[in-house]
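Shown next: protein37.cif, containing mmCIF, C-alpha atoms.
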```
data_target
loop_
_atom_site.group_PDB
_atom_site.id
_atom_site.type_symbol
_atom_site.label_atom_id
_atom_site.label_comp_id
_atom_site.auth_asym_id
_atom_site.auth_seq_id
_atom_site.Cartn_x
_atom_site.Cartn_y
_atom_site.Cartn_z
ATOM 1 C CA MET A 78 4.107 13.455 -26.959
ATOM 2 C CA LYS A 79 3.369 10.184 -28.787
ATOM 3 C CA LYS A 80 5.708 8.317 -26.423
ATOM 4 C CA LYS A 81 3.660 9.511 -23.436
ATOM 5 C CA TYR A 82 0.423 8.116 -24.839
ATOM 6 C CA LEU A 83 2.056 4.859 -25.917
ATOM 7 C CA LEU A 84 3.292 4.333 -22.359
ATOM 8 C CA LEU A 85 -0.176 5.138 -20.994
ATOM 9 C CA LEU A 86 -1.750 2.571 -23.333
ATOM 10 C CA PHE A 87 0.885 0.034 -22.302
ATOM 11 C CA CYS A 88 0.006 0.522 -18.596
ATOM 12 C CA ILE A 89 -3.697 0.069 -19.318
ATOM 13 C CA GLY A 90 -2.997 -2.967 -21.457
ATOM 14 C CA LEU A 91 -1.338 -4.736 -18.535
ATOM 15 C CA ILE A 92 -4.677 -4.738 -16.686
ATOM 16 C CA ARG A 93 -6.756 -7.410 -18.377
ATOM 17 C CA VAL A 94 -8.373 -9.386 -15.773
ATOM 18 C CA GLY A 95 -9.290 -10.761 -10.033
ATOM 19 C CA LEU A 96 -6.774 -8.852 -3.988
ATOM 20 C CA ALA A 97 -6.099 -10.624 -0.877
ATOM 21 C CA GLN A 98 -8.291 -10.367 2.204
ATOM 22 C CA ASP A 99 -5.791 -7.996 3.827
ATOM 23 C CA ASN A 100 -6.740 -4.887 1.846
ATOM 24 C CA TYR A 101 -6.431 -2.262 4.542
ATOM 25 C CA GLU A 102 -3.470 -0.302 3.131
ATOM 26 C CA ILE A 103 -3.093 -0.812 -0.610
ATOM 27 C CA GLN A 104 0.031 1.207 -1.299
ATOM 28 C CA VAL A 105 3.487 0.809 -2.807
ATOM 29 C CA TYR A 106 5.867 2.791 -0.614
ATOM 30 C CA GLY A 107 8.433 5.317 -1.779
ATOM 31 C CA SER A 108 11.804 5.485 -0.051
ATOM 32 C CA GLN A 109 11.488 9.071 1.247
ATOM 33 C CA THR A 110 10.673 9.326 4.963
ATOM 34 C CA GLN A 111 8.466 11.989 6.494
ATOM 35 C CA PRO A 112 10.535 15.168 7.083
ATOM 36 C CA LYS A 113 11.465 16.061 10.644
ATOM 37 C CA ASN A 114 8.912 18.248 12.477
ATOM 38 C CA SER A 115 6.049 17.209 10.196
ATOM 39 C CA THR A 116 3.169 14.721 10.358
ATOM 40 C CA MET A 117 1.177 13.116 7.545
ATOM 41 C CA PHE A 118 -2.452 12.188 8.222
ATOM 42 C CA GLU A 119 -3.761 9.680 5.669
ATOM 43 C CA LEU A 120 -7.086 7.957 5.131
ATOM 44 C CA HIS A 121 -6.922 4.725 3.134
ATOM 45 C CA SER A 122 -10.369 3.841 1.755
ATOM 46 C CA ASN A 123 -11.322 0.958 -0.494
ATOM 47 C CA PHE A 124 -14.421 -0.999 -1.441
ATOM 48 C CA THR A 125 -14.438 -4.615 -2.655
ATOM 49 C CA PHE A 126 -16.999 -4.842 -5.457
ATOM 50 C CA GLU A 127 -16.154 -8.474 -6.260
ATOM 51 C CA GLY A 128 -14.555 -10.609 -3.543
ATOM 52 C CA GLU A 129 -14.815 -13.701 -1.372
ATOM 53 C CA ARG A 130 -18.429 -14.485 -0.374
ATOM 54 C CA ALA A 131 -17.721 -17.312 2.096
ATOM 55 C CA VAL A 132 -16.037 -17.556 5.493
ATOM 56 C CA VAL A 133 -12.534 -18.951 4.855
ATOM 57 C CA ASP A 134 -10.310 -20.132 7.751
ATOM 58 C CA GLY A 135 -12.618 -18.223 10.104
ATOM 59 C CA VAL A 136 -12.138 -14.966 8.173
ATOM 60 C CA ARG A 137 -15.330 -13.112 7.253
ATOM 61 C CA PRO A 138 -16.184 -12.445 3.575
ATOM 62 C CA SER A 139 -14.563 -9.566 1.700
ATOM 63 C CA TYR A 140 -17.476 -9.201 -0.749
ATOM 64 C CA HIS A 141 -18.828 -5.625 -0.557
ATOM 65 C CA ALA A 142 -16.489 -4.857 2.363
ATOM 66 C CA GLU A 143 -15.621 -1.222 3.051
ATOM 67 C CA HIS A 144 -12.145 -0.746 4.543
ATOM 68 C CA GLU A 145 -11.176 2.521 6.215
ATOM 69 C CA THR A 146 -7.670 2.840 7.657
ATOM 70 C CA LEU A 147 -6.271 5.856 9.458
ATOM 71 C CA GLU A 148 -2.496 6.258 9.104
ATOM 72 C CA ILE A 149 -0.516 8.857 11.053
ATOM 73 C CA THR A 150 3.199 9.203 10.258
ATOM 74 C CA ASN A 151 5.528 11.533 12.151
ATOM 75 C CA GLY A 152 9.036 12.539 11.090
ATOM 76 C CA ILE A 153 11.410 11.935 13.998
ATOM 77 C CA THR A 154 14.759 12.783 12.370
ATOM 78 C CA ASP A 155 15.932 13.645 8.848
ATOM 79 C CA ASN A 156 15.851 9.951 7.881
ATOM 80 C CA PHE A 157 13.621 8.219 10.466
ATOM 81 C CA GLU A 158 9.827 8.192 10.832
ATOM 82 C CA LEU A 159 7.246 6.409 12.980
ATOM 83 C CA GLY A 160 3.818 5.447 11.641
ATOM 84 C CA PHE A 161 0.617 4.243 13.298
ATOM 85 C CA TYR A 162 -2.382 2.511 11.683
ATOM 86 C CA LEU A 163 -5.950 1.977 12.879
ATOM 87 C CA PHE A 164 -7.901 -0.570 10.785
ATOM 88 C CA THR A 165 -11.693 -0.585 10.448
ATOM 89 C CA ASN A 166 -14.139 -2.635 8.395
ATOM 90 C CA TYR A 167 -17.782 -2.430 7.427
ATOM 91 C CA THR A 168 -19.500 -5.451 5.890
ATOM 92 C CA ALA A 169 -23.273 -5.900 5.659
ATOM 93 C CA GLY A 170 -24.413 -8.417 8.257
ATOM 94 C CA TYR A 171 -21.405 -7.796 10.509
ATOM 95 C CA GLY A 172 -21.569 -4.022 10.923
ATOM 96 C CA TYR A 173 -18.784 -1.543 11.521
ATOM 97 C CA GLN A 174 -15.773 -2.978 13.366
ATOM 98 C CA ILE A 175 -12.449 -1.647 14.643
ATOM 99 C CA ILE A 176 -10.295 -4.659 13.903
ATOM 100 C CA GLY A 177 -6.738 -3.781 14.873
ATOM 101 C CA SER A 178 -3.739 -1.487 14.764
ATOM 102 C CA HIS A 179 -0.099 -1.547 13.660
ATOM 103 C CA ILE A 180 3.001 0.511 14.373
ATOM 104 C CA ARG A 181 5.633 1.125 11.686
ATOM 105 C CA PRO A 182 9.155 2.510 12.168
ATOM 106 C CA ARG A 183 11.055 3.291 8.955
ATOM 107 C CA ILE A 184 14.622 4.389 8.316
ATOM 108 C CA MET A 185 16.014 5.841 5.082
ATOM 109 C CA ALA A 186 19.556 5.731 3.732
ATOM 110 C CA PRO A 187 20.960 9.272 4.171
ATOM 111 C CA LEU A 188 21.151 11.398 1.039
ATOM 112 C CA SER A 189 24.812 12.030 1.895
ATOM 113 C CA TRP A 190 25.551 8.433 0.839
ATOM 114 C CA HIS A 191 24.804 9.461 -2.791
ATOM 115 C CA LEU A 192 23.277 6.088 -3.664
ATOM 116 C CA PRO A 193 22.093 5.584 -7.268
ATOM 117 C CA VAL A 194 18.607 4.677 -5.955
ATOM 118 C CA GLY A 195 16.406 5.677 -3.032
ATOM 119 C CA LEU A 196 16.618 3.108 -0.234
ATOM 120 C CA SER A 197 14.752 2.634 3.030
ATOM 121 C CA LEU A 198 13.573 -0.146 5.354
ATOM 122 C CA SER A 199 10.131 -0.338 6.957
ATOM 123 C CA THR A 200 9.081 -2.761 9.713
ATOM 124 C CA GLU A 201 5.385 -2.991 10.555
ATOM 125 C CA PHE A 202 4.131 -4.839 13.644
ATOM 126 C CA GLY A 203 0.677 -5.300 15.128
ATOM 127 C CA TYR A 204 -2.640 -7.059 15.640
ATOM 128 C CA GLN A 205 -5.752 -7.760 13.570
ATOM 129 C CA SER A 206 -8.908 -9.574 14.683
ATOM 130 C CA LYS A 207 -9.061 -13.288 13.866
ATOM 131 C CA TYR A 208 -12.408 -12.640 12.120
ATOM 132 C CA TYR A 209 -10.656 -10.456 9.531
ATOM 133 C CA SER A 210 -7.191 -11.998 9.253
ATOM 134 C CA PRO A 211 -6.067 -15.645 9.547
ATOM 135 C CA ASP A 212 -2.936 -14.400 11.367
ATOM 136 C CA THR A 213 -3.620 -12.059 14.280
ATOM 137 C CA TRP A 214 -0.099 -10.921 15.257
ATOM 138 C CA THR A 215 2.283 -10.234 12.380
ATOM 139 C CA ILE A 216 5.499 -8.487 11.379
ATOM 140 C CA GLU A 217 6.040 -7.056 7.912
ATOM 141 C CA ILE A 218 9.606 -6.356 6.763
ATOM 142 C CA ARG A 219 9.585 -4.074 3.720
ATOM 143 C CA PRO A 220 12.765 -2.978 1.908
ATOM 144 C CA ILE A 221 11.985 -0.057 -0.414
ATOM 145 C CA ILE A 222 13.989 0.682 -3.549
ATOM 146 C CA ASP A 223 12.937 3.476 -5.896
ATOM 147 C CA LYS A 224 14.234 5.684 -8.675
ATOM 148 C CA GLN A 225 13.092 8.814 -10.529
ATOM 149 C CA TRP A 226 14.163 9.321 -14.163
ATOM 150 C CA ASN A 227 12.824 12.685 -15.348
ATOM 151 C CA ASN A 228 9.070 11.945 -15.630
ATOM 152 C CA LEU A 229 9.309 8.192 -14.973
ATOM 153 C CA TYR A 230 9.127 6.802 -11.414
ATOM 154 C CA VAL A 231 9.666 3.163 -10.332
ATOM 155 C CA SER A 232 9.417 1.691 -6.818
ATOM 156 C CA PHE A 233 9.941 -1.945 -5.793
ATOM 157 C CA ASN A 234 9.019 -3.306 -2.327
ATOM 158 C CA PRO A 235 10.211 -6.952 -1.934
ATOM 159 C CA THR A 236 8.181 -7.440 1.254
ATOM 160 C CA MET A 237 8.368 -10.351 3.718
ATOM 161 C CA GLY A 238 5.389 -11.160 5.957
ATOM 162 C CA VAL A 239 5.961 -13.061 9.208
ATOM 163 C CA ALA A 240 3.049 -14.588 11.167
ATOM 164 C CA LEU A 241 3.664 -14.571 14.931
ATOM 165 C CA LYS A 242 0.249 -15.963 15.871
ATOM 166 C CA GLY A 243 -2.327 -17.590 13.619
ATOM 167 C CA ILE A 244 -2.689 -20.393 11.116
ATOM 168 C CA ASP A 245 0.647 -19.560 9.411
ATOM 169 C CA GLN A 246 2.713 -19.010 12.565
ATOM 170 C CA HIS A 247 4.891 -22.090 12.007
ATOM 171 C CA GLN A 248 5.573 -21.345 8.346
ATOM 172 C CA ALA A 249 8.518 -19.547 6.790
ATOM 173 C CA PRO A 250 7.959 -15.858 5.950
ATOM 174 C CA ASP A 251 5.681 -15.088 2.996
ATOM 175 C CA PHE A 252 7.128 -13.283 -0.006
ATOM 176 C CA GLU A 253 4.867 -10.338 -0.939
ATOM 177 C CA PRO A 254 6.403 -8.270 -3.776
ATOM 178 C CA ASN A 255 4.921 -4.852 -4.665
ATOM 179 C CA LEU A 256 5.820 -2.743 -7.709
ATOM 180 C CA LYS A 257 4.839 0.742 -8.903
ATOM 181 C CA VAL A 258 5.578 2.268 -12.305
ATOM 182 C CA ALA A 259 4.265 5.790 -12.928
ATOM 183 C CA TYR A 260 4.819 8.481 -15.536
ATOM 184 C CA GLN A 261 4.044 12.199 -15.322
ATOM 185 C CA PHE A 262 1.915 12.506 -18.447
ATOM 186 C CA PHE A 263 0.487 15.896 -17.468
ATOM 187 C CA LYS A 264 1.424 18.702 -15.080
ATOM 188 C CA ASN A 265 0.912 17.600 -11.437
ATOM 189 C CA THR A 266 -0.441 14.225 -12.590
ATOM 190 C CA ASP A 267 1.173 10.780 -12.511
ATOM 191 C CA LEU A 268 -0.539 7.827 -14.187
ATOM 192 C CA GLY A 269 0.677 4.268 -14.063
ATOM 193 C CA PHE A 270 0.155 0.862 -12.529
ATOM 194 C CA GLU A 271 0.757 -0.850 -9.190
ATOM 195 C CA TYR A 272 1.263 -4.581 -8.682
ATOM 196 C CA TYR A 273 0.604 -6.439 -5.413
ATOM 197 C CA GLY A 274 1.510 -10.081 -4.891
ATOM 198 C CA SER A 275 1.688 -12.777 -2.232
ATOM 199 C CA VAL A 276 3.173 -16.065 -3.397
ATOM 200 C CA GLY A 277 3.420 -17.981 -0.123
ATOM 201 C CA PRO A 278 6.306 -19.119 2.121
ATOM 202 C CA ILE A 279 9.763 -18.405 0.724
ATOM 203 C CA ASN A 280 10.707 -22.087 0.987
ATOM 204 C CA ASN A 281 7.518 -23.428 -0.583
ATOM 205 C CA PHE A 282 5.597 -21.143 -2.942
ATOM 206 C CA GLU A 283 1.870 -21.776 -3.408
ATOM 207 C CA GLN A 284 0.397 -23.134 -6.623
ATOM 208 C CA LEU A 285 -0.577 -20.253 -8.927
ATOM 209 C CA PRO A 286 -4.375 -20.396 -8.260
ATOM 210 C CA GLN A 287 -3.693 -20.037 -4.497
ATOM 211 C CA GLU A 288 -1.291 -17.116 -4.938
ATOM 212 C CA ASN A 289 -2.477 -13.514 -4.752
ATOM 213 C CA HIS A 290 -1.732 -11.247 -7.707
ATOM 214 C CA ALA A 291 -3.449 -7.935 -8.403
ATOM 215 C CA VAL A 292 -2.839 -4.925 -10.627
ATOM 216 C CA PHE A 293 -4.145 -1.370 -10.116
ATOM 217 C CA LEU A 294 -4.374 1.508 -12.523
ATOM 218 C CA ALA A 295 -3.341 4.491 -10.375
ATOM 219 C CA TYR A 296 -3.531 8.273 -10.434
ATOM 220 C CA ASP A 297 -1.202 10.300 -8.158
ATOM 221 C CA LEU A 298 -1.195 14.009 -7.384
ATOM 222 C CA GLU A 299 2.274 15.491 -7.913
ATOM 223 C CA ASN A 300 4.125 18.683 -6.919
ATOM 224 C CA ASN A 301 1.927 19.467 -3.917
ATOM 225 C CA PRO A 302 3.849 19.871 -0.626
ATOM 226 C CA ASN A 303 0.753 19.561 1.583
ATOM 227 C CA TRP A 304 -1.589 17.017 -0.012
ATOM 228 C CA GLU A 305 -1.279 13.412 -1.164
ATOM 229 C CA VAL A 306 -3.806 11.719 -3.465
ATOM 230 C CA ASN A 307 -3.673 8.164 -4.863
ATOM 231 C CA ILE A 308 -6.771 6.761 -6.602
ATOM 232 C CA GLY A 309 -7.467 3.778 -8.781
ATOM 233 C CA PRO A 310 -9.305 0.554 -9.633
ATOM 234 C CA GLY A 311 -7.674 -2.828 -9.075
ATOM 235 C CA TRP A 312 -8.205 -6.236 -10.645
ATOM 236 C CA GLY A 313 -7.250 -9.595 -9.155
ATOM 237 C CA LEU A 314 -5.546 -12.106 -11.438
ATOM 238 C CA THR A 315 -6.033 -15.440 -9.615
ATOM 239 C CA GLN A 316 -8.817 -17.435 -7.954
ATOM 240 C CA ALA A 317 -7.511 -16.556 -4.471
ATOM 241 C CA THR A 318 -7.560 -12.811 -5.164
ATOM 242 C CA ASP A 319 -10.495 -10.431 -4.770
ATOM 243 C CA ARG A 320 -11.680 -9.681 -8.283
ATOM 244 C CA PHE A 321 -12.337 -5.940 -8.270
ATOM 245 C CA ILE A 322 -11.528 -3.183 -5.773
ATOM 246 C CA PHE A 323 -11.532 0.591 -5.956
ATOM 247 C CA LYS A 324 -9.208 2.524 -3.638
ATOM 248 C CA VAL A 325 -8.810 6.156 -2.590
ATOM 249 C CA LEU A 326 -5.915 7.472 -0.492
ATOM 250 C CA ILE A 327 -6.050 11.067 0.753
ATOM 251 C CA GLY A 328 -3.231 12.537 2.857
ATOM 252 C CA ARG A 329 -2.605 15.912 4.495
ATOM 253 C CA LYS A 330 0.836 17.002 5.731
ATOM 254 C CA ILE A 331 1.124 19.248 8.769
ATOM 255 C CA LYS A 332 4.405 21.082 9.408
ATOM 256 C CA TRP A 333 5.040 21.909 13.039
ATOM 257 C CA GLY A 334 6.702 25.072 14.315
ATOM 258 C CA GLU A 335 6.140 27.103 11.149
ATOM 259 C CA LYS A 336 5.602 30.800 11.739
ATOM 260 C CA ARG A 337 2.299 32.253 10.636
ATOM 261 C CA HIS A 338 2.346 35.467 8.651
ATOM 262 C CA SER A 339 -0.529 37.878 9.135
#
```
Have the structure of the file written as structure tokens, please.
Amino acid sequence: MKKKYLLLLFCIGLIRVGLAQDNYEIQVYGSQTQPKNSTMFELHSNFTFEGERAVVDGVRPSYHAEHETLEITNGITDNFELGFYLFTNYTAGYGYQIIGSHIRPRIMAPLSWHLPVGLSLSTEFGYQSKYYSPDTWTIEIRPIIDKQWNNLYVSFNPTMGVALKGIDQHQAPDFEPNLKVAYQFFKNTDLGFEYYGSVGPINNFEQLPQENHAVFLAYDLENNPNWEVNIGPGWGLTQATDRFIFKVLIGRKIKWGEKRHS
């Protein structure tokens, strides 16, 4: 039992300090795809308590911005899913705005391969308004590697962001690593931390103050086949990162074709 609490204190201790403007889906992905004949409906909600107060590169301030993103993911086959996002924003002075949408196919390595880790590849493509993102058309390429050891779970997403249209369209892809470490301290409860970074083009990293680095303390609901919950506060670690955000992710899985019993 002492080991559990030491690990919990270690996770909290990592969070000492300031997130990027693009805070519409703050999530580290697991490798498992949505099962065939099922759909997950998710609402990503977050509020920026301390963020950018000025217009930067034409992008409106993130200070006191409320982000609400609808994500719908449908299982197509046993190892392939297709996701859709609708991004919205509310900021005082600018009102409520629908700012864009993305589509995300993802394929998972079949379980029959008996790999030592979970492995999948996600590709996200779409548009966001120039008033809320310096790059309007983008592609995100996200390899996902994860592993479960008894009560300990680790997922690493070494993500690459490619700008197709916008101020970064002529640059090399950005490297945007994400990491999640969680431990099941209590029944049906995971606690841990999530890291989100963006260090700039792969051939020319930014100076540290211009990089984005943030850490979240996260709670996850476990062992529930129908509901998903991920909640936590996040702190930015650099000048370019929003200083404090709180996020809530609620998901509901619907299984199609199941027989109802009276």
Could you give me, as CSV, every segment 213-235 of chain A residue with an atom at most 6 Å from segment 251-256 of chain A, plus its closest atom pair and distance in Å to one decimal, counting only C-alpha atoms, rows ordered by chain then number?
```
residue,atom,partner,partner_atom,distance
A:Ser232,CA,A:Leu256,CA,5.8
A:Phe233,CA,A:Leu256,CA,4.6
A:Asn234,CA,A:Asn255,CA,5.0
A:Pro235,CA,A:Pro254,CA,4.4
```
Using only C-alpha atoms, please write the residues we just selected to a file, as an mmCIF file, keeping the file's coordinate frame.
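Saved file again08.cif follows:
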```cif
data_model
loop_
_atom_site.group_PDB
_atom_site.id
_atom_site.type_symbol
_atom_site.label_atom_id
_atom_site.label_comp_id
_atom_site.auth_asym_id
_atom_site.auth_seq_id
_atom_site.Cartn_x
_atom_site.Cartn_y
_atom_site.Cartn_z
ATOM 1 C CA SER A 232 9.417 1.691 -6.818
ATOM 2 C CA PHE A 233 9.941 -1.945 -5.793
ATOM 3 C CA ASN A 234 9.019 -3.306 -2.327
ATOM 4 C CA PRO A 235 10.211 -6.952 -1.934
#
```
Task: Gap from atom CA of Tyr167 of chain A to atom CA of Val239 of chain A - Å, one decimal - done: 26.1 Å
- [ ] Would you write out, as a list in words, every residue that the PyMOL selection byres ((chain A and resi 226) around 12) captures in this file?
- [x] Pro193, Val194, Gly195, Asp223, Lys224, Gln225, Asn227, Asn228, Leu229, Tyr230, Val231, Ser232, Val258, Ala259, Tyr260 and Gln261 of chain A
Output of the above residues as a PDB file, in the coordinates of the input, restricted to C-alpha atoms:
```pdb
ATOM      1  CA  PRO A 193      22.093   5.584  -7.268  1.00  0.00           C
ATOM      2  CA  VAL A 194      18.607   4.677  -5.955  1.00  0.00           C
ATOM      3  CA  GLY A 195      16.406   5.677  -3.032  1.00  0.00           C
ATOM      4  CA  ASP A 223      12.937   3.476  -5.896  1.00  0.00           C
ATOM      5  CA  LYS A 224      14.234   5.684  -8.675  1.00  0.00           C
ATOM      6  CA  GLN A 225      13.092   8.814 -10.529  1.00  0.00           C
ATOM      7  CA  ASN A 227      12.824  12.685 -15.348  1.00  0.00           C
ATOM      8  CA  ASN A 228       9.070  11.945 -15.630  1.00  0.00           C
ATOM      9  CA  LEU A 229       9.309   8.192 -14.973  1.00  0.00           C
ATOM     10  CA  TYR A 230       9.127   6.802 -11.414  1.00  0.00           C
ATOM     11  CA  VAL A 231       9.666   3.163 -10.332  1.00  0.00           C
ATOM     12  CA  SER A 232       9.417   1.691  -6.818  1.00  0.00           C
ATOM     13  CA  VAL A 258       5.578   2.268 -12.305  1.00  0.00           C
ATOM     14  CA  ALA A 259       4.265   5.790 -12.928  1.00  0.00           C
ATOM     15  CA  TYR A 260       4.819   8.481 -15.536  1.00  0.00           C
ATOM     16  CA  GLN A 261       4.044  12.199 -15.322  1.00  0.00           C
TER      17      GLN A 261
END
```
Task: Between atom CA of Asn166 of chain A and atom CA of Glu145 of chain A, distance in Å (one decimal) - done: 6.3 Å
- [ ] Write out as an MDAnalysis selection string which residues come within 10 Å of segment 270-280 of chain A when counting all atoms listed in the file, dropping same-chain ones fewer than 5 positions away.
- [x] chainID A and resid 85 87:89 91:92 96:97 103:105 231:239 245 248:260 285:296 309:314 318
Extract, using only C-alpha atoms, all DNA, RNA and protein residues at most 10 Å from Ile149 of chain A, discarding same-chain residues fewer than 3 positions from it, and format them as a PDB file with C-alpha atoms, keeping the file's coordinate frame.
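Final output, saved to selection.pdb:
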```pdb
ATOM      1  CA  THR A 116       3.169  14.721  10.358  1.00  0.00           C
ATOM      2  CA  MET A 117       1.177  13.116   7.545  1.00  0.00           C
ATOM      3  CA  PHE A 118      -2.452  12.188   8.222  1.00  0.00           C
ATOM      4  CA  GLU A 119      -3.761   9.680   5.669  1.00  0.00           C
ATOM      5  CA  LEU A 120      -7.086   7.957   5.131  1.00  0.00           C
ATOM      6  CA  THR A 146      -7.670   2.840   7.657  1.00  0.00           C
ATOM      7  CA  LEU A 159       7.246   6.409  12.980  1.00  0.00           C
ATOM      8  CA  GLY A 160       3.818   5.447  11.641  1.00  0.00           C
ATOM      9  CA  PHE A 161       0.617   4.243  13.298  1.00  0.00           C
ATOM     10  CA  TYR A 162      -2.382   2.511  11.683  1.00  0.00           C
ATOM     11  CA  LEU A 163      -5.950   1.977  12.879  1.00  0.00           C
ATOM     12  CA  ILE A 180       3.001   0.511  14.373  1.00  0.00           C
ATOM     13  CA  ARG A 181       5.633   1.125  11.686  1.00  0.00           C
ATOM     14  CA  GLY A 328      -3.231  12.537   2.857  1.00  0.00           C
ATOM     15  CA  ARG A 329      -2.605  15.912   4.495  1.00  0.00           C
ATOM     16  CA  LYS A 330       0.836  17.002   5.731  1.00  0.00           C
TER      17      LYS A 330
END
```
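For the pair atom CA of Thr165 of chain A and atom CA of Ser108 of chain A, the separation is 26.4 Å.
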Translate the PyMOL selection byres ((chain A and resi 125) around 8) into a concrete residue list for this structure, as a PDB file with C-alpha atoms, in the frame of the given file.
```
ATOM      1  CA  ASN A 123     -11.322   0.958  -0.494  1.00  0.00           C
ATOM      2  CA  PHE A 124     -14.421  -0.999  -1.441  1.00  0.00           C
ATOM      3  CA  PHE A 126     -16.999  -4.842  -5.457  1.00  0.00           C
ATOM      4  CA  GLU A 127     -16.154  -8.474  -6.260  1.00  0.00           C
ATOM      5  CA  GLY A 128     -14.555 -10.609  -3.543  1.00  0.00           C
ATOM      6  CA  SER A 139     -14.563  -9.566   1.700  1.00  0.00           C
ATOM      7  CA  TYR A 140     -17.476  -9.201  -0.749  1.00  0.00           C
ATOM      8  CA  HIS A 141     -18.828  -5.625  -0.557  1.00  0.00           C
ATOM      9  CA  ALA A 142     -16.489  -4.857   2.363  1.00  0.00           C
ATOM     10  CA  GLU A 143     -15.621  -1.222   3.051  1.00  0.00           C
ATOM     11  CA  ASP A 319     -10.495 -10.431  -4.770  1.00  0.00           C
ATOM     12  CA  PHE A 321     -12.337  -5.940  -8.270  1.00  0.00           C
ATOM     13  CA  ILE A 322     -11.528  -3.183  -5.773  1.00  0.00           C
ATOM     14  CA  PHE A 323     -11.532   0.591  -5.956  1.00  0.00           C
TER      15      PHE A 323
END
```
